[in-house]
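Presented below is the structure to which this report refers.
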Amino acid sequence: MVKPLAQKDLLKLANDIKTMKIRGAAEIGRAAVDGLELFASESKTASAEDYMKQFGDAYKLLLSTRPTAVSLPNALRYVKHRVERAHRNGASADELRGTTLNAAEEFRRSSQDAVRKISEIGSKRIKSGDVIMTHCNSSVAIATMVEAKKTGKEFSVIATETRPRFQGRLTAQAMAENGIPVTLIIDSAARYYMHKVDKVIIGADVVTANGAVVNKIGTSQIALAAKEARVRVFVGAETYKFSPDTVLGELVEIEERPAEEVLPMGQLEKMKSVKILNPAFDVTPPEYIDVIMTEKGIIPPQAAILILMEEFGWSIGEEHAAAAGKTLVSGENNGD
Ligand code: RUB
């Protein structure tokens, strides 16, 4: 009988993603493959069949941690596709372990490389004297601004605090540590200061087939204020943040987080009849985005479908329909 998944380190890592100790789309993707790597290094089975079943459990556990960022399923699929292919080719349990470890390492490296490339591309769009507004805590947006600073540009940043989890404080701290003048504002002051802003630079959790960007709640209001003030909006997104499921009409699930993030427990109890809603992300339509900066270059949001087709192949629809588990089976991203 196949033993149920009882790997403490893997369970802890899955919990760290769920409770947002590990957060941000890029970090979540990398943590997901770390999880499969943990599974592989702790797996002892000598049977390839058992390995595949336990791998499936680890995959499902990691997949269930956070629902919105597509980096998570895309990273997991990257490894899964290679492991399944090795299994079809008759690999032993040891070989499957090796394939898992190699694929995880490969994903991590390529995702870090993508951030570096985006930062090089994006930093060219920052000019000395710019005032840049950013929202939440995007490693891609930060890397782009830090790269611009390294290349000698002098500019300043307005970071929104990003309620309810205050990720904007992390961004402000990162700016300060890199010698970039930064001002922290409350989210609702974004429009008030927009007239001082030259560019908005943000990250993404998902880019959909029609070029809409799902990012931290509040992003769409900032984009709206930017459009009104004729300020350009730049989104940094590695290509594994493009969602193949949206080609088939799937809507991106927006994570609803606990009410305690909005009001402390004591307060919640006093306000029992008040309903609290706490969506973690929102959707900014392509009309409000000027460009998406990917590791393959800068694209208009309307070109998102081209990235998806290049990554996953033109048969993306048929393959999704065939695979109930939504496992991608062809295209460059999956190593064919
Ligand atoms: C983080 C968030 C970030 C994107 C992009 O949300 O919305 O802007 O994930 O980040 P949360 P990165 O804190 O809920 O995970 O560029 O680092 O991938």
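Residue numbers start at 1 in each chain; chains themselves are named A, B, ... in the order of the structure tokens; ligands are numbered from 1 in the order shown.
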
*What residues have any atom no more than 8 Å from ligand 1 when counting only C-alpha atoms and all ligand atoms, and can you list them as a ChimeraX atom specification?*
/A:20,22-28,69,135-142,165,167,202-205,214-217,236-237,280-281

Excluding range 258-269 of chain A and its own-chain neighbours fewer than 6 positions away, which residues fall within 12 Å of it when counting only C-alpha atoms? Please give them as a PDB file with all heavy atoms, in the first residue's frame.
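Ended up saving to around.pdb:
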ATOM      1  N   LYS A  18       0.585  28.976   2.508  1.00  0.00           N
ATOM      2  CA  LYS A  18      -0.818  29.263   2.841  1.00  0.00           C
ATOM      3  C   LYS A  18      -0.944  30.461   3.785  1.00  0.00           C
ATOM      4  O   LYS A  18      -1.807  31.319   3.624  1.00  0.00           O
ATOM      5  CB  LYS A  18      -1.409  28.017   3.529  1.00  0.00           C
ATOM      6  CG  LYS A  18      -2.858  27.811   3.297  1.00  0.00           C
ATOM      7  CD  LYS A  18      -3.335  26.572   4.035  1.00  0.00           C
ATOM      8  CE  LYS A  18      -4.758  26.339   3.694  1.00  0.00           C
ATOM      9  NZ  LYS A  18      -4.955  25.258   2.743  1.00  0.00           N
ATOM     10  N   THR A  19      -0.069  30.505   4.771  1.00  0.00           N
ATOM     11  CA  THR A  19      -0.173  31.573   5.785  1.00  0.00           C
ATOM     12  C   THR A  19       0.625  32.816   5.377  1.00  0.00           C
ATOM     13  O   THR A  19       0.801  33.731   6.181  1.00  0.00           O
ATOM     14  CB  THR A  19       0.334  31.067   7.153  1.00  0.00           C
ATOM     15  OG1 THR A  19       1.663  30.582   6.967  1.00  0.00           O
ATOM     16  CG2 THR A  19      -0.540  29.968   7.714  1.00  0.00           C
ATOM     17  N   MET A  20       1.151  32.801   4.169  1.00  0.00           N
ATOM     18  CA  MET A  20       1.855  33.954   3.581  1.00  0.00           C
ATOM     19  C   MET A  20       3.194  34.275   4.242  1.00  0.00           C
ATOM     20  O   MET A  20       3.684  35.392   4.123  1.00  0.00           O
ATOM     21  CB  MET A  20       0.955  35.189   3.536  1.00  0.00           C
ATOM     22  CG  MET A  20      -0.161  35.037   2.519  1.00  0.00           C
ATOM     23  SD  MET A  20      -1.312  36.426   2.481  1.00  0.00           S
ATOM     24  CE  MET A  20      -0.310  37.770   1.898  1.00  0.00           C
ATOM     25  N   THR A 162      -0.356  49.169   1.267  1.00  0.00           N
ATOM     26  CA  THR A 162      -0.965  47.889   0.883  1.00  0.00           C
ATOM     27  C   THR A 162      -1.628  47.183   2.069  1.00  0.00           C
ATOM     28  O   THR A 162      -1.168  46.153   2.565  1.00  0.00           O
ATOM     29  CB  THR A 162       0.052  46.948   0.176  1.00  0.00           C
ATOM     30  OG1 THR A 162       0.833  47.695  -0.731  1.00  0.00           O
ATOM     31  CG2 THR A 162      -0.668  45.833  -0.549  1.00  0.00           C
ATOM     32  N   ARG A 163      -2.725  47.773   2.495  1.00  0.00           N
ATOM     33  CA  ARG A 163      -3.554  47.110   3.501  1.00  0.00           C
ATOM     34  C   ARG A 163      -4.191  45.861   2.898  1.00  0.00           C
ATOM     35  O   ARG A 163      -4.386  45.822   1.698  1.00  0.00           O
ATOM     36  CB  ARG A 163      -4.656  48.092   3.960  1.00  0.00           C
ATOM     37  CG  ARG A 163      -4.339  48.684   5.337  1.00  0.00           C
ATOM     38  CD  ARG A 163      -5.519  49.436   5.892  1.00  0.00           C
ATOM     39  NE  ARG A 163      -6.634  48.566   6.218  1.00  0.00           N
ATOM     40  CZ  ARG A 163      -6.753  47.874   7.343  1.00  0.00           C
ATOM     41  NH1 ARG A 163      -5.827  47.947   8.258  1.00  0.00           N
ATOM     42  NH2 ARG A 163      -7.798  47.120   7.537  1.00  0.00           N
ATOM     43  N   PRO A 164      -4.545  44.844   3.634  1.00  0.00           N
ATOM     44  CA  PRO A 164      -4.413  44.775   5.083  1.00  0.00           C
ATOM     45  C   PRO A 164      -3.089  44.178   5.580  1.00  0.00           C
ATOM     46  O   PRO A 164      -2.828  44.196   6.778  1.00  0.00           O
ATOM     47  CB  PRO A 164      -5.565  43.847   5.475  1.00  0.00           C
ATOM     48  CG  PRO A 164      -5.713  42.930   4.308  1.00  0.00           C
ATOM     49  CD  PRO A 164      -5.364  43.737   3.092  1.00  0.00           C
ATOM     50  N   ARG A 165      -2.225  43.682   4.675  1.00  0.00           N
ATOM     51  CA  ARG A 165      -1.026  42.975   5.159  1.00  0.00           C
ATOM     52  C   ARG A 165       0.234  43.841   5.120  1.00  0.00           C
ATOM     53  O   ARG A 165       1.298  43.393   5.480  1.00  0.00           O
ATOM     54  CB  ARG A 165      -0.797  41.699   4.336  1.00  0.00           C
ATOM     55  CG  ARG A 165      -1.963  40.737   4.286  1.00  0.00           C
ATOM     56  CD  ARG A 165      -2.008  39.803   5.440  1.00  0.00           C
ATOM     57  NE  ARG A 165      -0.794  39.075   5.637  1.00  0.00           N
ATOM     58  CZ  ARG A 165      -0.719  37.850   6.154  1.00  0.00           C
ATOM     59  NH1 ARG A 165      -1.825  37.223   6.482  1.00  0.00           N
ATOM     60  NH2 ARG A 165       0.423  37.264   6.353  1.00  0.00           N
ATOM     61  N   PHE A 166       0.085  45.058   4.613  1.00  0.00           N
ATOM     62  CA  PHE A 166       1.183  46.038   4.641  1.00  0.00           C
ATOM     63  C   PHE A 166       2.460  45.605   3.918  1.00  0.00           C
ATOM     64  O   PHE A 166       3.571  45.928   4.351  1.00  0.00           O
ATOM     65  CB  PHE A 166       1.507  46.435   6.093  1.00  0.00           C
ATOM     66  CG  PHE A 166       0.335  47.037   6.805  1.00  0.00           C
ATOM     67  CD1 PHE A 166      -0.338  46.331   7.789  1.00  0.00           C
ATOM     68  CD2 PHE A 166      -0.122  48.306   6.476  1.00  0.00           C
ATOM     69  CE1 PHE A 166      -1.441  46.866   8.435  1.00  0.00           C
ATOM     70  CE2 PHE A 166      -1.214  48.861   7.118  1.00  0.00           C
ATOM     71  CZ  PHE A 166      -1.879  48.140   8.097  1.00  0.00           C
ATOM     72  N   LYS A 275     -20.578  42.454   7.980  1.00  0.00           N
ATOM     73  CA  LYS A 275     -19.937  41.495   7.073  1.00  0.00           C
ATOM     74  C   LYS A 275     -18.592  42.077   6.605  1.00  0.00           C
ATOM     75  O   LYS A 275     -18.509  43.265   6.282  1.00  0.00           O
ATOM     76  CB  LYS A 275     -20.865  41.275   5.880  1.00  0.00           C
ATOM     77  CG  LYS A 275     -20.334  40.301   4.867  1.00  0.00           C
ATOM     78  CD  LYS A 275     -21.369  40.071   3.793  1.00  0.00           C
ATOM     79  CE  LYS A 275     -20.763  39.266   2.668  1.00  0.00           C
ATOM     80  NZ  LYS A 275     -21.697  39.126   1.561  1.00  0.00           N
ATOM     81  N   ILE A 276     -17.577  41.256   6.584  1.00  0.00           N
ATOM     82  CA  ILE A 276     -16.259  41.722   6.122  1.00  0.00           C
ATOM     83  C   ILE A 276     -15.887  40.966   4.860  1.00  0.00           C
ATOM     84  O   ILE A 276     -16.029  39.743   4.812  1.00  0.00           O
ATOM     85  CB  ILE A 276     -15.174  41.444   7.192  1.00  0.00           C
ATOM     86  CG1 ILE A 276     -15.595  41.930   8.560  1.00  0.00           C
ATOM     87  CG2 ILE A 276     -13.802  41.951   6.735  1.00  0.00           C
ATOM     88  CD1 ILE A 276     -15.090  43.238   9.013  1.00  0.00           C
ATOM     89  N   LEU A 277     -15.423  41.680   3.861  1.00  0.00           N
ATOM     90  CA  LEU A 277     -14.907  41.027   2.663  1.00  0.00           C
ATOM     91  C   LEU A 277     -13.433  41.394   2.512  1.00  0.00           C
ATOM     92  O   LEU A 277     -13.054  42.536   2.776  1.00  0.00           O
ATOM     93  CB  LEU A 277     -15.691  41.469   1.416  1.00  0.00           C
ATOM     94  CG  LEU A 277     -17.124  40.950   1.314  1.00  0.00           C
ATOM     95  CD1 LEU A 277     -17.834  41.568   0.118  1.00  0.00           C
ATOM     96  CD2 LEU A 277     -17.171  39.429   1.232  1.00  0.00           C
ATOM     97  N   ASN A 278     -12.625  40.444   2.119  1.00  0.00           N
ATOM     98  CA  ASN A 278     -11.187  40.704   2.065  1.00  0.00           C
ATOM     99  C   ASN A 278     -10.541  40.021   0.854  1.00  0.00           C
ATOM    100  O   ASN A 278      -9.743  39.090   0.997  1.00  0.00           O
ATOM    101  CB  ASN A 278     -10.554  40.213   3.384  1.00  0.00           C
ATOM    102  CG  ASN A 278      -9.077  40.513   3.463  1.00  0.00           C
ATOM    103  OD1 ASN A 278      -8.561  41.363   2.749  1.00  0.00           O
ATOM    104  ND2 ASN A 278      -8.382  39.814   4.346  1.00  0.00           N
ATOM    105  N   PRO A 279     -10.890  40.484  -0.363  1.00  0.00           N
ATOM    106  CA  PRO A 279     -10.258  39.868  -1.536  1.00  0.00           C
ATOM    107  C   PRO A 279      -8.789  40.276  -1.602  1.00  0.00           C
ATOM    108  O   PRO A 279      -8.452  41.430  -1.347  1.00  0.00           O
ATOM    109  CB  PRO A 279     -11.047  40.478  -2.710  1.00  0.00           C
ATOM    110  CG  PRO A 279     -11.574  41.771  -2.185  1.00  0.00           C
ATOM    111  CD  PRO A 279     -11.781  41.602  -0.705  1.00  0.00           C
ATOM    112  N   ALA A 280      -7.930  39.328  -1.942  1.00  0.00           N
ATOM    113  CA  ALA A 280      -6.481  39.616  -1.928  1.00  0.00           C
ATOM    114  C   ALA A 280      -5.993  40.255  -3.228  1.00  0.00           C
ATOM    115  O   ALA A 280      -4.928  40.864  -3.247  1.00  0.00           O
ATOM    116  CB  ALA A 280      -5.712  38.331  -1.659  1.00  0.00           C
TER     117      ALA A 280
END

*Taking the DSSP assignment computed from this structure's backbone, write out as a PyMOL selection string all residues of range 54-254 of chain A that belong to helix (DSSP H, G or I).*
chain A and resi 54-63+71-88+93-123+139-150+167-177+187-194+219-228+239-241+244-248

*Between A:Val207, A:Leu76, A:Leu63, A:Met52, which is the closest to Ile17 in chain A once you count only C-alpha atoms?*
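For Ile17 in chain A, the nearest of the candidates is A:Leu63.
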
Which residues of range 11-57 of chain A have any atom within 10 Å of an atom in range 87-102 of chain A when counting only C-alpha atoms, and what is the closest pair of atoms for each, with the distance in Å to one decimal? Order the rows by chain and rising number and write it as a tab-separated table.
residue	atom	partner	partner_atom	distance
A:Val33	CA	A:Leu101	CA	8.8
A:Asp34	CA	A:Leu101	CA	8.9
A:Leu36	CA	A:Thr100	CA	7.0
A:Glu37	CA	A:Leu101	CA	5.3
A:Leu38	CA	A:Leu101	CA	8.7
A:Phe39	CA	A:Arg97	CA	8.9
A:Ala40	CA	A:Arg97	CA	5.2
A:Ser41	CA	A:Arg97	CA	7.1
A:Glu42	CA	A:Arg97	CA	9.5
A:Ser43	CA	A:Arg97	CA	8.0
A:Lys44	CA	A:Ala93	CA	8.8
A:Thr45	CA	A:Ala93	CA	7.0
A:Ala46	CA	A:Ala93	CA	5.6
A:Ser47	CA	A:Ala93	CA	5.6
A:Ala48	CA	A:Ala93	CA	4.2
A:Glu49	CA	A:Ala93	CA	7.9
A:Asp50	CA	A:Ala93	CA	8.3
A:Tyr51	CA	A:Ala93	CA	6.2
A:Met52	CA	A:His87	CA	8.0
A:Phe55	CA	A:Thr100	CA	9.3

_Quick check for you: according to DSSP on this backbone, which residues of range 103-261 of chain A are classed as strand (DSSP E)? Reply as an NGL selection string._
:A and (131-134 or 156-160 or 182-185 or 199-202 or 206-207 or 213-216 or 232-236)
